[in-house]
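Here is data_34.pdb, consisting of PDB, C-alpha atoms:
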ATOM      1  CA  ARG A  27      94.813 229.539  29.085
ATOM      2  CA  ASN A  28      96.199 226.521  30.916
ATOM      3  CA  ILE A  29      93.179 224.422  29.975
ATOM      4  CA  PHE A  30      93.445 225.510  26.361
ATOM      5  CA  LYS A  31      97.190 224.645  26.395
ATOM      6  CA  GLU A  32      96.570 221.119  27.762
ATOM      7  CA  VAL A  33      93.929 220.511  25.084
ATOM      8  CA  LEU A  34      96.375 221.533  22.387
ATOM      9  CA  ILE A  35      99.114 219.267  23.783
ATOM     10  CA  THR A  36      96.731 216.312  24.027
ATOM     11  CA  ASP A  37      95.502 216.857  20.504
ATOM     12  CA  HIS A  38      99.081 217.124  19.269
ATOM     13  CA  ASN A  39     100.078 213.844  20.962
ATOM     14  CA  GLN A  40      97.088 212.006  19.574
ATOM     15  CA  ARG A  41      97.899 213.213  16.043
ATOM     16  CA  ARG A  42     101.530 212.091  16.420
ATOM     17  CA  SER A  43     100.367 208.688  17.653
ATOM     18  CA  LEU A  44      97.951 208.241  14.763
ATOM     19  CA  ALA A  45     100.608 209.297  12.296
ATOM     20  CA  THR A  46     103.100 206.832  13.748
ATOM     21  CA  MET A  47     100.573 203.961  13.645
ATOM     22  CA  ALA A  48      99.841 204.754  10.018
ATOM     23  CA  LEU A  49     103.555 204.707   9.305
ATOM     24  CA  LEU A  50     103.880 201.297  10.970
ATOM     25  CA  GLN A  51     101.092 199.863   8.880
ATOM     26  CA  SER A  52     102.807 201.063   5.710
ATOM     27  CA  ILE A  53     106.152 199.405   6.602
ATOM     28  CA  PRO A  54     106.581 195.751   5.446
ATOM     29  CA  CYS A  55     106.704 193.087   8.169
ATOM     30  CA  GLY A  56     110.404 192.291   7.668
ATOM     31  CA  ALA A  57     111.451 195.901   7.894
ATOM     32  CA  ARG A  58     109.145 196.505  10.846
ATOM     33  CA  ALA A  59     110.852 193.699  12.768
ATOM     34  CA  SER A  60     114.328 195.078  12.100
ATOM     35  CA  ARG A  61     113.643 198.744  12.952
ATOM     36  CA  PRO A  62     112.425 199.645  16.437
ATOM     37  CA  LEU A  63     110.021 202.500  17.011
ATOM     38  CA  ILE A  64     111.896 204.755  19.430
ATOM     39  CA  ALA A  65     109.963 207.949  20.020
ATOM     40  CA  PHE A  66     106.591 209.096  21.266
ATOM     41  CA  SER A  67     106.268 212.597  22.506
ATOM     42  CA  GLY A  68     104.750 213.733  25.738
ATOM     43  CA  SER A  69     104.223 211.460  28.731
ATOM     44  CA  GLU A  70     103.919 208.239  26.696
ATOM     45  CA  ARG A  71     106.802 205.743  27.108
ATOM     46  CA  PRO A  72     108.923 204.621  24.167
ATOM     47  CA  LEU A  73     107.655 201.475  22.521
ATOM     48  CA  ARG A  74     109.680 198.679  20.962
ATOM     49  CA  SER A  75     108.560 196.449  18.217
ATOM     50  CA  ALA A  76     107.045 193.244  19.577
ATOM     51  CA  SER A  77     108.760 191.378  16.807
ATOM     52  CA  ARG A  78     112.177 192.380  18.182
ATOM     53  CA  ASN A  79     111.442 190.683  21.497
ATOM     54  CA  ILE A  80     110.739 187.343  19.857
ATOM     55  CA  ARG A  81     114.231 185.886  20.160
ATOM     56  CA  PRO A  82     115.469 182.420  19.103
ATOM     57  CA  SER A  83     115.701 181.338  22.770
ATOM     58  CA  ILE A  84     112.013 182.091  23.290
ATOM     59  CA  VAL A  85     111.141 180.193  20.142
ATOM     60  CA  ALA A  86     113.233 177.252  21.346
ATOM     61  CA  ALA A  87     111.516 177.312  24.754
ATOM     62  CA  ALA A  88     108.132 177.290  23.069
ATOM     63  CA  SER A  89     109.254 174.365  20.935
ATOM     64  CA  GLN A  90     110.398 172.436  24.025
ATOM     65  CA  THR A  91     107.084 173.120  25.750
ATOM     66  CA  SER A  92     105.268 171.787  22.712
ATOM     67  CA  THR A  93     107.471 168.683  22.706
ATOM     68  CA  LYS A  94     106.788 168.052  26.402
ATOM     69  CA  SER A  95     103.084 168.480  25.792
ATOM     70  CA  LYS A  96     103.212 165.881  23.047
ATOM     71  CA  SER A  97     105.315 163.479  25.139
ATOM     72  CA  SER A  98     102.852 163.755  28.019
ATOM     73  CA  GLN A  99     100.259 162.285  25.724
ATOM     74  CA  SER A 100     102.250 159.044  25.514
ATOM     75  CA  VAL A 101     100.899 155.562  25.254
ATOM     76  CA  ALA A 102      99.359 154.243  28.477
ATOM     77  CA  THR A 103     101.418 151.664  30.375
ATOM     78  CA  ARG A 104     100.762 149.056  33.024
ATOM     79  CA  GLN A 105     102.887 147.192  35.532
ATOM     80  CA  VAL A 106     103.597 143.474  35.173
ATOM     81  CA  PHE A 107     105.538 141.068  37.354
ATOM     82  CA  ASP A 108     109.267 141.080  36.608
ATOM     83  CA  PRO A 109     111.006 137.971  38.009
ATOM     84  CA  THR A 110     114.415 139.353  37.024
ATOM     85  CA  GLY A 111     114.043 141.799  39.903
ATOM     86  CA  TYR A 112     114.941 138.939  42.255
ATOM     87  CA  VAL A 113     118.158 138.009  40.440
ATOM     88  CA  LYS A 114     120.342 140.485  42.329
ATOM     89  CA  TYR A 115     119.216 139.218  45.717
ATOM     90  CA  ALA A 116     119.279 135.559  44.653
ATOM     91  CA  ALA A 117     122.919 136.018  43.656
ATOM     92  CA  ALA A 118     124.004 138.172  46.608
ATOM     93  CA  ILE A 119     122.694 135.924  49.391
ATOM     94  CA  PRO A 120     124.528 132.696  48.441
ATOM     95  CA  THR A 121     127.631 134.716  47.588
ATOM     96  CA  GLN A 122     127.668 136.187  51.072
ATOM     97  CA  VAL A 123     126.953 132.836  52.736
ATOM     98  CA  THR A 124     129.835 131.290  50.798
ATOM     99  CA  ALA A 125     132.210 134.061  51.878
ATOM    100  CA  MET A 126     131.180 133.763  55.517
ATOM    101  CA  THR A 127     131.431 129.971  55.439
ATOM    102  CA  ALA A 128     134.916 130.273  53.955
ATOM    103  CA  ALA A 129     135.838 132.569  56.847
ATOM    104  CA  LEU A 130     134.495 129.996  59.312
ATOM    105  CA  TRP A 131     136.525 127.263  57.623
ATOM    106  CA  ALA A 132     139.699 129.369  57.771
ATOM    107  CA  LEU A 133     139.055 130.053  61.447
ATOM    108  CA  GLN A 134     138.558 126.327  61.970
ATOM    109  CA  GLN A 135     142.036 125.678  60.546
ATOM    110  CA  LEU A 136     143.498 128.353  62.794
ATOM    111  CA  ASN A 137     141.881 126.791  65.847
ATOM    112  CA  GLY A 138     143.284 123.404  64.897
ATOM    113  CA  ALA A 139     146.761 124.872  64.661
ATOM    114  CA  LEU A 140     146.367 126.524  68.052
ATOM    115  CA  ALA A 141     145.095 123.332  69.678
ATOM    116  CA  SER A 142     147.890 121.200  68.229
ATOM    117  CA  GLY A 143     150.597 123.651  69.208
ATOM    118  CA  THR A 144     151.610 124.327  65.600
ATOM    119  CA  ILE A 145     151.266 128.013  66.393
ATOM    120  CA  PRO A 146     153.304 128.686  69.560
ATOM    121  CA  LEU A 147     151.596 130.515  72.397
ATOM    122  CA  PRO A 148     152.818 131.861  75.732
ATOM    123  CA  ALA A 149     153.034 129.203  78.405
ATOM    124  CA  ASP A 150     150.203 130.685  80.464
ATOM    125  CA  ILE A 151     147.718 130.682  77.523
ATOM    126  CA  ALA A 152     146.090 127.417  76.541
ATOM    127  CA  GLY A 153     145.328 126.733  72.906
ATOM    128  CA  ASP A 154     141.656 125.997  73.623
ATOM    129  CA  ASP A 155     141.234 129.274  75.504
ATOM    130  CA  ALA A 156     142.859 131.235  72.682
ATOM    131  CA  ALA A 157     140.590 129.524  70.152
ATOM    132  CA  LYS A 158     137.473 130.376  72.150
ATOM    133  CA  THR A 159     138.525 134.019  72.415
ATOM    134  CA  ILE A 160     139.104 134.255  68.673
ATOM    135  CA  VAL A 161     135.793 132.549  67.880
ATOM    136  CA  THR A 162     133.913 134.852  70.266
ATOM    137  CA  LEU A 163     135.422 137.942  68.653
ATOM    138  CA  PHE A 164     134.582 136.611  65.199
ATOM    139  CA  PHE A 165     130.923 136.053  66.060
ATOM    140  CA  LEU A 166     130.724 139.477  67.691
ATOM    141  CA  VAL A 167     131.967 141.140  64.503
ATOM    142  CA  VAL A 168     129.830 139.030  62.188
ATOM    143  CA  SER A 169     126.664 139.452  64.257
ATOM    144  CA  ILE A 170     126.941 143.251  64.249
ATOM    145  CA  LYS A 171     128.808 143.949  60.980
ATOM    146  CA  SER A 172     127.844 141.040  58.732
ATOM    147  CA  ARG A 173     127.432 143.467  55.828
ATOM    148  CA  VAL A 174     131.224 143.526  55.348
ATOM    149  CA  PHE A 175     130.738 140.176  53.577
ATOM    150  CA  SER A 176     127.815 141.375  51.438
ATOM    151  CA  PRO A 177     128.341 142.262  47.760
ATOM    152  CA  LEU A 178     125.447 144.716  48.103
ATOM    153  CA  ASP A 179     125.282 148.076  49.841
ATOM    154  CA  ALA A 180     123.648 146.850  53.052
ATOM    155  CA  ARG A 181     123.946 149.948  55.205
ATOM    156  CA  ARG A 182     121.696 150.260  58.246
ATOM    157  CA  PRO A 183     119.486 153.292  58.878
ATOM    158  CA  THR A 184     121.061 155.886  61.164
ATOM    159  CA  VAL A 185     119.333 157.786  63.954
ATOM    160  CA  ARG A 186     119.724 161.052  62.036
ATOM    161  CA  GLY A 187     118.407 159.426  58.876
ATOM    162  CA  GLU A 188     115.383 158.045  60.676
ATOM    163  CA  LYS A 189     114.560 161.449  62.149
ATOM    164  CA  SER A 190     114.595 163.043  58.692
ATOM    165  CA  ALA A 191     112.675 160.107  57.186
ATOM    166  CA  ILE A 192     109.858 160.667  59.674
ATOM    167  CA  SER A 193     109.170 164.020  57.997
ATOM    168  CA  GLU A 194     109.190 162.394  54.542
ATOM    169  CA  LYS A 195     107.177 159.244  55.248
ATOM    170  CA  ARG A 196     104.297 158.659  57.591
ATOM    171  CA  ARG A 197     104.947 156.373  60.560
ATOM    172  CA  PRO A 198     102.479 154.579  62.833
ATOM    173  CA  SER A 199     101.853 156.295  66.150
ATOM    174  CA  TRP A 200     103.151 153.292  68.094
ATOM    175  CA  MET A 201     106.566 153.327  66.411
ATOM    176  CA  PRO A 202     109.428 153.440  68.961
ATOM    177  CA  PRO A 203     111.698 156.509  68.924
ATOM    178  CA  PRO A 204     114.655 156.305  66.502
ATOM    179  CA  LEU A 205     117.198 155.926  69.317
ATOM    180  CA  THR A 206     115.567 152.603  70.244
ATOM    181  CA  PHE A 207     116.689 150.801  67.078
ATOM    182  CA  PRO A 208     120.504 150.884  67.447
ATOM    183  CA  ILE A 209     120.187 149.876  71.102
ATOM    184  CA  VAL A 210     117.935 146.919  70.306
ATOM    185  CA  TRP A 211     119.968 145.751  67.302
ATOM    186  CA  THR A 212     123.226 145.936  69.271
ATOM    187  CA  THR A 213     121.634 143.830  72.012
ATOM    188  CA  ILE A 214     120.425 141.289  69.447
ATOM    189  CA  GLY A 215     123.929 141.187  67.963
ATOM    190  CA  LEU A 216     125.334 140.268  71.375
ATOM    191  CA  LEU A 217     122.696 137.538  71.803
ATOM    192  CA  ARG A 218     123.573 136.122  68.374
ATOM    193  CA  ALA A 219     127.288 136.118  69.153
ATOM    194  CA  PHE A 220     127.117 134.424  72.552
ATOM    195  CA  SER A 221     124.489 131.901  71.482
ATOM    196  CA  SER A 222     126.665 131.038  68.458
ATOM    197  CA  VAL A 223     129.647 130.372  70.741
ATOM    198  CA  MET A 224     127.423 128.061  72.808
ATOM    199  CA  VAL A 225     126.334 126.186  69.675
ATOM    200  CA  TRP A 226     129.962 125.959  68.513
ATOM    201  CA  GLU A 227     130.914 124.238  71.731
ATOM    202  CA  ALA A 228     127.793 122.041  71.705
ATOM    203  CA  CYS A 229     128.706 120.843  68.194
ATOM    204  CA  GLY A 230     132.185 119.758  69.225
ATOM    205  CA  ARG A 231     133.773 123.079  68.313
ATOM    206  CA  ASP A 232     132.911 122.610  64.666
ATOM    207  CA  LEU A 233     132.660 126.037  63.041
ATOM    208  CA  VAL A 234     131.145 124.681  59.834
ATOM    209  CA  SER A 235     128.306 122.859  61.579
ATOM    210  CA  THR A 236     124.793 123.153  60.149
ATOM    211  CA  PRO A 237     123.321 125.480  62.820
ATOM    212  CA  LEU A 238     126.135 127.994  62.344
ATOM    213  CA  ILE A 239     125.754 127.907  58.552
ATOM    214  CA  ILE A 240     122.040 128.604  59.045
ATOM    215  CA  MET A 241     122.995 131.637  61.132
ATOM    216  CA  MET A 242     125.186 132.874  58.280
ATOM    217  CA  LEU A 243     122.211 132.465  55.938
ATOM    218  CA  HIS A 244     119.999 134.435  58.311
ATOM    219  CA  LEU A 245     122.510 137.288  58.439
ATOM    220  CA  ALA A 246     122.912 137.313  54.644
ATOM    221  CA  ILE A 247     119.141 137.524  54.163
ATOM    222  CA  GLY A 248     119.015 140.440  56.583
ATOM    223  CA  ASP A 249     121.730 142.291  54.649
ATOM    224  CA  ALA A 250     119.937 141.757  51.330
ATOM    225  CA  TRP A 251     116.731 143.045  52.910
ATOM    226  CA  ASN A 252     118.501 146.168  54.185
ATOM    227  CA  HIS A 253     119.662 146.874  50.649
ATOM    228  CA  CYS A 254     116.078 146.553  49.391
ATOM    229  CA  ASN A 255     114.430 148.600  52.129
ATOM    230  CA  VAL A 256     117.012 151.172  53.217
ATOM    231  CA  VAL A 257     119.106 151.741  50.082
ATOM    232  CA  GLU A 258     116.611 151.160  47.259
ATOM    233  CA  GLN A 259     113.551 152.295  49.258
ATOM    234  CA  LYS A 260     111.388 149.500  47.822
ATOM    235  CA  LEU A 261     108.771 149.581  50.556
ATOM    236  CA  GLY A 262     106.512 147.082  48.793
ATOM    237  CA  MET A 263     109.111 144.360  48.217
ATOM    238  CA  ALA A 264     110.364 144.891  51.778
ATOM    239  CA  VAL A 265     107.064 143.639  53.238
ATOM    240  CA  PRO A 266     107.191 139.979  52.092
ATOM    241  CA  GLY A 267     110.974 140.147  52.471
ATOM    242  CA  VAL A 268     110.841 140.962  56.159
ATOM    243  CA  PHE A 269     108.113 138.410  56.948
ATOM    244  CA  LEU A 270     109.355 135.493  54.859
ATOM    245  CA  GLY A 271     113.056 136.299  54.813
ATOM    246  CA  CYS A 272     114.117 138.005  58.029
ATOM    247  CA  LEU A 273     111.478 136.712  60.434
ATOM    248  CA  GLY A 274     111.221 133.293  58.782
ATOM    249  CA  SER A 275     114.971 132.677  58.821
ATOM    250  CA  GLY A 276     115.161 134.060  62.370
ATOM    251  CA  ILE A 277     112.668 131.461  63.602
ATOM    252  CA  PHE A 278     114.486 128.776  61.618
ATOM    253  CA  VAL A 279     117.915 129.541  63.110
ATOM    254  CA  THR A 280     116.466 129.800  66.616
ATOM    255  CA  ALA A 281     114.958 126.319  66.239
ATOM    256  CA  ALA A 282     118.267 124.967  64.911
ATOM    257  CA  TYR A 283     120.132 126.499  67.858
ATOM    258  CA  TYR A 284     117.609 125.073  70.293
ATOM    259  CA  GLN A 285     118.157 121.582  68.872
ATOM    260  CA  ALA A 286     121.915 121.923  69.257
ATOM    261  CA  ASP A 287     121.745 123.531  72.705
ATOM    262  CA  PRO A 288     118.396 124.464  74.311
ATOM    263  CA  SER A 289     120.054 127.253  76.309
ATOM    264  CA  ALA A 290     121.424 128.800  73.117
ATOM    265  CA  GLY A 291     118.004 128.645  71.476
ATOM    266  CA  LEU A 292     116.369 130.359  74.452
ATOM    267  CA  LEU A 293     119.104 133.000  74.511
ATOM    268  CA  LEU A 294     118.460 133.787  70.839
ATOM    269  CA  SER A 295     114.641 133.721  71.060
ATOM    270  CA  PRO A 296     114.184 137.452  71.944
ATOM    271  CA  SER A 297     115.404 138.256  68.447
ATOM    272  CA  CYS A 298     112.287 136.567  67.036
ATOM    273  CA  LEU A 299     110.081 138.813  69.169
ATOM    274  CA  TRP A 300     111.833 141.943  67.904
ATOM    275  CA  LEU A 301     111.738 140.733  64.299
ATOM    276  CA  SER A 302     107.982 140.231  64.674
ATOM    277  CA  ILE A 303     107.557 143.833  65.841
ATOM    278  CA  ALA A 304     109.837 145.090  63.071
ATOM    279  CA  SER A 305     107.846 143.148  60.462
ATOM    280  CA  VAL A 306     104.566 144.737  61.531
ATOM    281  CA  LEU A 307     106.268 148.142  61.513
ATOM    282  CA  VAL A 308     107.515 147.635  57.946
ATOM    283  CA  TYR A 309     104.024 146.644  56.823
ATOM    284  CA  SER A 310     102.471 149.676  58.539
ATOM    285  CA  ILE A 311     104.922 152.102  56.900
ATOM    286  CA  TRP A 312     104.169 150.602  53.487
ATOM    287  CA  ASP A 313     100.420 150.802  54.127
ATOM    288  CA  LEU A 314     100.564 154.434  55.280
ATOM    289  CA  ASN A 315     102.595 155.742  52.327
ATOM    290  CA  PRO A 316     100.851 155.339  48.955
ATOM    291  CA  ASP A 317     101.961 157.445  46.004
ATOM    292  CA  GLU A 318     100.281 160.666  44.835
ATOM    293  CA  GLU A 319      97.606 158.678  43.001
ATOM    294  CA  GLY A 320      96.796 156.608  46.089
ATOM    295  CA  ASN A 321      98.555 153.445  44.849
ATOM    296  CA  LYS A 322     100.819 151.471  47.170
ATOM    297  CA  GLN A 323     104.174 150.200  46.020
ATOM    298  CA  PRO A 324     103.941 146.674  44.537
ATOM    299  CA  LEU A 325     104.901 143.760  46.758
ATOM    300  CA  VAL A 326     106.867 142.132  43.945
ATOM    301  CA  PRO A 327     109.317 143.514  41.352
ATOM    302  CA  VAL A 328     107.506 144.980  38.351
ATOM    303  CA  LYS A 329     108.265 146.631  35.034
ATOM    304  CA  GLU A 330     106.314 148.990  32.778
ATOM    305  CA  VAL A 331     104.819 147.638  29.550
ATOM    306  CA  ALA A 332     102.394 149.102  27.013
ATOM    307  CA  ALA A 333      98.785 148.689  28.114
TER     308      ALA A 333
END

Could you quickly redo this structure as structure tokens?
Amino acid sequence: RNIFKEVLITDHNQRRSLATMALLQSIPCGARASRPLIAFSGSERPLRSASRNIRPSIVAAASQTSTKSKSSQSVATRQVFDPTGYVKYAAAIPTQVTAMTAALWALQQLNGALASGTIPLPADIAGDDAAKTIVTLFFLVVSIKSRVFSPLDARRPTVRGEKSAISEKRRPSWMPPPLTFPIVWTTIGLLRAFSSVMVWEACGRDLVSTPLIIMMLHLAIGDAWNHCNVVEQKLGMAVPGVFLGCLGSGIFVTAAYYQADPSAGLLLSPSCLWLSIASVLVYSIWDLNPDEEGNKQPLVPVKEVAA
């Protein structure tokens, strides 16, 4: 009896299903989309019209997908040299040098007033000693924080930033630990400051002498390079920039200091050694980090044009 009952139920369900399908076929498409089918008997689950599930949002998503597919088949492009990419740096460097030279000139006037007694000082403080103290403090600030004169965002990399960057970009195995960089750069800043004071005295205490202006140029180039490498992450342009700009101007200012005072030039010379190591490091990072297609960042500014 149970078997016979199950056969009857199954046969009944099949007939209901066939009858419902026949009814669906007889209903026009518009009406079929507006009226859901709500009942099947037995263990079958209720069905909804597929047309009801096709909502405007789904149609819009499909349209967007089609648009993206068409846009992906865009015209091929190629990269060409864009000399306007240098304009920002070519404007920022002389602007910063001018600002720093103006600060040196203003400090020169202050020193003259101190030496002549125009600005009164305590009896136990000589004008020349006060001037030397002020000049030393100025060179200390400028050698470490020259970016305060830069019109660009010339921030330096932080230890925390370098640690996170190691996980994002490949580094050569010989790269020093991140903590090394602030220690070395602070030391170089001290060497720049004290050697500049020596050159100032060797040039007759002239703050706008040629060697000191060359130092201001060297610092301005370094700030522009930091903007390119650290802020804009242009690893390709940073390679010739560090060799020709930072290292080249570092050698140039060291030679100028040596001519003014050999001791000052020798005191500044370790900075050239560190800049040489830093230049090779910058090149290695660029070489080790091509894009997803295996292409390295261009060494010059470029723009996209139709192929």

Practice item. Evaluate the PyMOL selection byres ((chain A and resi 301) around 10) on the structure here and hand back the selected residues as a list in words. Key: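 Selected by the PyMOL selection byres ((chain A and resi 301) around 10) in this file: Val268, Phe269, Cys272, Leu273, Gly274, Gly276, Ile277, Pro296, Ser297, Cys298, Leu299, Trp300, Ser302, Ile303, Ala304, Ser305, Val306 and Leu307 of chain A.
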
Point to revise | Coordinates-based distance that separates CA of Ser275 (chain A) from CA of Phe107 (chain A) (Å, one decimal) | key: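 Here the two named atoms are 24.9 Å from each other.
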
Between region 160-213 of chain A and region 220-238 of chain A, at 10 Å or less, what are the per-residue closest atom pairs and their distances in Å? Count all atoms listed in the file, order by chain and rising residue number, and return it as a Markdown table.
| residue | atom | partner | partner_atom | distance |
| --- | --- | --- | --- | --- |
| A:Val161 | CA | A:Val223 | CA | 7.1 |
| A:Thr162 | CA | A:Val223 | CA | 6.2 |
| A:Leu163 | CA | A:Val223 | CA | 9.7 |
| A:Phe164 | CA | A:Val223 | CA | 9.7 |
| A:Phe165 | CA | A:Ser222 | CA | 7.0 |
| A:Leu166 | CA | A:Phe220 | CA | 7.9 |
| A:Ser169 | CA | A:Ser222 | CA | 9.4 |

Exercise for review: Give me the residues within 8 Å of Gly262 (chain A) as an MDAnalysis selection string, counting only C-alpha atoms and dropping any in the same chain fewer than 6 places off.
Suggested key: chainID A and resid 312 322:326

Exercise for review: Point out the residue among A:Ala246, A:Met241, A:Ala219, A:Leu314 with the least atom-to-atom distance to Leu261 (chain A), counting only C-alpha atoms.
Suggested key: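 Going through A:Ala246, A:Met241, A:Ala219, A:Leu314 one by one, the smallest distance to Leu261 (chain A) is for A:Leu314.
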
Which residues of region 196-303 of chain A come within 12 Å of region 117-125 of chain A, and for each one, what is the closest pair of atoms and their distance in Å to one decimal, counting only C-alpha atoms, sorted by chain and residue number, as a Markdown table?
| residue | atom | partner | partner_atom | distance |
| --- | --- | --- | --- | --- |
| A:Val234 | CA | A:Thr124 | CA | 11.3 |
| A:Leu238 | CA | A:Val123 | CA | 10.8 |
| A:Ile239 | CA | A:Val123 | CA | 7.7 |
| A:Ile240 | CA | A:Val123 | CA | 9.0 |
| A:Met241 | CA | A:Val123 | CA | 9.4 |
| A:Met242 | CA | A:Val123 | CA | 5.8 |
| A:Leu243 | CA | A:Val123 | CA | 5.7 |
| A:His244 | CA | A:Val123 | CA | 9.1 |
| A:Leu245 | CA | A:Val123 | CA | 8.5 |
| A:Ala246 | CA | A:Ile119 | CA | 5.4 |
| A:Ile247 | CA | A:Ile119 | CA | 6.2 |
| A:Gly248 | CA | A:Ile119 | CA | 9.3 |
| A:Asp249 | CA | A:Ile119 | CA | 8.3 |
| A:Ala250 | CA | A:Ile119 | CA | 6.7 |
| A:Trp251 | CA | A:Ile119 | CA | 9.9 |
| A:His253 | CA | A:Ala118 | CA | 10.5 |
| A:Cys254 | CA | A:Ala118 | CA | 11.9 |
| A:Gly271 | CA | A:Ile119 | CA | 11.1 |

Review point. By how many Å are CA of Val279 (chain A) and CA of Leu292 (chain A) apart?
Key: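 So the answer is 11.5 Å.
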
Exercise for review: Counting all atoms listed in the file, figure out which residue out of A:Val168, A:Leu217, A:Val257, A:Ala128 gets nearest to Thr184 (chain A).
Suggested key: A:Val257

Exercise for review: Would you write out, as a list of chain:residue names, every residue that the PyMOL selection byres ((chain A and resi 133) around 9) captures in this file?
Suggested key: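 On the file shown, the PyMOL selection byres ((chain A and resi 133) around 9) covers A:Ala128, A:Ala129, A:Leu130, A:Trp131, A:Ala132, A:Gln134, A:Gln135, A:Leu136, A:Asn137, A:Gly138, A:Ala157, A:Ile160, A:Val161, A:Phe164, A:Leu233.
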
**Study point:** Between CA of Val256 (chain A) and CA of Ile311 (chain A) - distance in Å to one decimal
**Key:**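 A separation of 12.7 Å between them.
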
With 3 Å of padding per side, what axis-aligned box (centre and edge lengths, Å, one decimal) covers all the listed atoms of region 141-159 of chain A? Give it as JSON.
{"center_x": 145.4, "center_y": 127.6, "center_z": 73.0, "size_x": 21.8, "size_y": 18.8, "size_z": 20.9}
